[in-house]
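Okay, structure first, notes after.
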Amino acid sequence: MKTKLVIFGITGDLAKRKLLPALEQIVERKVFDDLEIVGVSRRNVSASDVVGHKLQSVTSVYCMDLANKDDYVGLADYLGSSENQQLVFYLSVPPLATAQITELLGLAKINGTNTKILLEKPSGVDYKSAKD
């Protein structure tokens, strides 16, 4: 079964330092037979701007406004649909963006039995920052 790993926040610090190096090891060890990575970014970047050489052949980047429902419909079209694929949404975004993204994914009908959502940890708000 093809796996499409859709990473919201692929240009962020945690993705660069932790997630992408781990994915390089997974691809290098051929853990998945058929893995495609789709990075979601708010700014127009290419896969070569974001990932290392090992991931470039399996990665593309989709630029969108995370608050625009129509952009999620465009993402659904970009991802396509197939009974033989699973979609894994990895949310490497600030906690306040998580609810909005999951709601808009649902409104765009990007959900189903082969769809999963992974949330980046830590999930929460720093109390000191929240007071300021």
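Identifiers for the structure tokens are assigned positionally: chains receive A, B, ... in sequence, residues are indexed from 1 per chain, and ligands are indexed from 1 in the order shown.
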
Quick one: residues within 8 Å of Asn84 (chain A), only C-alpha atoms, excluding same-chain residues fewer than 2 positions away - as a PyMOL selection string?
chain A and resi 1-2+82+86

Extract, using only C-alpha atoms, all DNA, RNA and protein residues at most 12 Å from Ser48 (chain A), discarding same-chain residues fewer than 2 positions from it, and format them as a ChimeraX atom specification.
/A:11,39,44-46,50-61

Would you list the contacts of Lys116 (chain A) as number ranges by chain, taking every protein, DNA or RNA residue within 9 Å and counting only C-alpha atoms, but skipping same-chain residues closer than 5 positions in sequence?
A: 86-90, 111

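Between CA of Ile26 (chain A) and CA of Ala99 (chain A) lies a distance of 28.6 Å.
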
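For the residues A:Glu83, A:Tyr62, A:Val73, A:Asp49, ranking by smallest atom-to-atom distance to Gly106 (chain A) using only C-alpha atoms places A:Val73 first.
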
Could you pull out all residues of chain A with a DSSP call of strand (DSSP E) and give them as a ChimeraX atom specification?
/A:2-8,35-41,59-63,85-91,115-119

Selection to disk with N, CA, C and O atoms, as a compact mmCIF listing (two decimals), in the first residue's frame:
# COMPACT_ATOMS: atom_id res chain seq x y z
N LYS A 2 0.59 2.17 -0.87
CA LYS A 2 1.33 3.43 -0.94
C LYS A 2 1.00 4.28 0.28
O LYS A 2 -0.14 4.37 0.70
N THR A 3 2.03 4.90 0.85
CA THR A 3 1.85 5.82 1.96
C THR A 3 2.24 7.21 1.51
O THR A 3 3.35 7.43 1.03
N LYS A 4 1.30 8.15 1.67
CA LYS A 4 1.60 9.56 1.43
C LYS A 4 1.67 10.23 2.79
O LYS A 4 0.68 10.31 3.51
N LEU A 5 2.85 10.67 3.14
CA LEU A 5 3.08 11.38 4.39
C LEU A 5 3.03 12.87 4.09
O LEU A 5 3.88 13.40 3.39
N VAL A 6 2.00 13.53 4.60
CA VAL A 6 1.77 14.95 4.35
C VAL A 6 2.21 15.71 5.61
O VAL A 6 1.60 15.56 6.66
N ILE A 7 3.26 16.50 5.48
CA ILE A 7 3.85 17.18 6.64
C ILE A 7 3.49 18.66 6.61
O ILE A 7 3.99 19.41 5.77
N PHE A 8 2.60 19.06 7.52
CA PHE A 8 2.31 20.47 7.71
C PHE A 8 3.43 21.04 8.58
O PHE A 8 3.68 20.55 9.67
N LEU A 35 6.73 5.07 -0.44
CA LEU A 35 6.53 6.25 0.39
C LEU A 35 6.67 7.50 -0.45
O LEU A 35 7.62 7.64 -1.22
N GLU A 36 5.70 8.38 -0.30
CA GLU A 36 5.76 9.70 -0.92
C GLU A 36 5.58 10.72 0.19
O GLU A 36 4.69 10.59 1.03
N ILE A 37 6.41 11.74 0.21
CA ILE A 37 6.33 12.81 1.20
C ILE A 37 5.84 14.07 0.50
O ILE A 37 6.39 14.47 -0.53
N VAL A 38 4.80 14.67 1.07
CA VAL A 38 4.29 15.94 0.56
C VAL A 38 4.42 16.95 1.69
O VAL A 38 3.76 16.83 2.72
N GLY A 39 5.30 17.91 1.52
CA GLY A 39 5.45 18.97 2.50
C GLY A 39 4.46 20.08 2.23
O GLY A 39 4.25 20.46 1.09
N VAL A 40 3.82 20.58 3.28
CA VAL A 40 2.91 21.70 3.14
C VAL A 40 3.59 22.92 3.74
O VAL A 40 4.06 22.89 4.88
N SER A 41 3.65 23.98 2.95
CA SER A 41 4.33 25.20 3.38
C SER A 41 3.46 26.41 3.07
O SER A 41 2.71 26.41 2.09
N THR A 59 9.93 13.49 -2.44
CA THR A 59 9.30 14.64 -1.78
C THR A 59 8.87 15.70 -2.78
O THR A 59 9.57 16.01 -3.73
N SER A 60 7.69 16.25 -2.53
CA SER A 60 7.21 17.44 -3.23
C SER A 60 6.69 18.41 -2.18
O SER A 60 6.45 18.02 -1.03
N VAL A 61 6.51 19.66 -2.56
CA VAL A 61 6.01 20.66 -1.62
C VAL A 61 4.78 21.33 -2.21
O VAL A 61 4.77 21.71 -3.39
N TYR A 62 3.75 21.45 -1.38
CA TYR A 62 2.50 22.10 -1.78
C TYR A 62 2.38 23.39 -0.96
O TYR A 62 2.39 23.35 0.27
N CYS A 63 2.27 24.52 -1.63
CA CYS A 63 2.17 25.82 -0.97
C CYS A 63 0.69 26.18 -0.81
O CYS A 63 -0.09 26.08 -1.77
N GLN A 85 -3.94 3.49 -1.07
CA GLN A 85 -3.00 4.41 -0.44
C GLN A 85 -3.53 4.83 0.93
O GLN A 85 -4.72 4.87 1.15
N GLN A 86 -2.59 5.09 1.81
CA GLN A 86 -2.97 5.68 3.08
C GLN A 86 -2.38 7.08 3.15
O GLN A 86 -1.29 7.33 2.67
N LEU A 87 -3.17 7.98 3.73
CA LEU A 87 -2.72 9.35 3.94
C LEU A 87 -2.39 9.50 5.42
O LEU A 87 -3.22 9.19 6.28
N VAL A 88 -1.19 9.98 5.69
CA VAL A 88 -0.78 10.25 7.07
C VAL A 88 -0.45 11.74 7.13
O VAL A 88 0.47 12.19 6.46
N PHE A 89 -1.24 12.48 7.91
CA PHE A 89 -1.00 13.90 8.09
C PHE A 89 -0.20 14.09 9.37
O PHE A 89 -0.64 13.71 10.45
N TYR A 90 0.98 14.69 9.23
CA TYR A 90 1.86 14.95 10.36
C TYR A 90 1.82 16.45 10.60
O TYR A 90 2.25 17.24 9.75
N LEU A 91 1.29 16.86 11.74
CA LEU A 91 1.14 18.28 12.05
C LEU A 91 2.29 18.76 12.93
O LEU A 91 2.27 18.58 14.14
N THR A 115 -6.94 7.25 6.45
CA THR A 115 -6.37 8.54 6.81
C THR A 115 -6.05 8.57 8.29
O THR A 115 -6.86 8.17 9.12
N LYS A 116 -4.84 9.07 8.60
CA LYS A 116 -4.41 9.18 9.99
C LYS A 116 -3.81 10.57 10.21
O LYS A 116 -3.30 11.18 9.29
N ILE A 117 -3.91 11.05 11.47
CA ILE A 117 -3.32 12.34 11.82
C ILE A 117 -2.36 12.13 12.98
O ILE A 117 -2.72 11.52 13.98
N LEU A 118 -1.14 12.60 12.81
CA LEU A 118 -0.13 12.55 13.86
C LEU A 118 0.15 13.98 14.32
O LEU A 118 0.34 14.88 13.51
N LEU A 119 0.17 14.19 15.63
CA LEU A 119 0.40 15.51 16.18
C LEU A 119 1.81 15.60 16.74
O LEU A 119 2.22 14.72 17.50

Nearest-residue call for Asp77 (chain A), choices A:Phe32, A:Leu96, A:Ile110, A:Ile10, using only C-alpha atoms
A:Ile110

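We find CA of Ala22 (chain A) and CA of Gly74 (chain A) to be spaced 28.4 Å apart.
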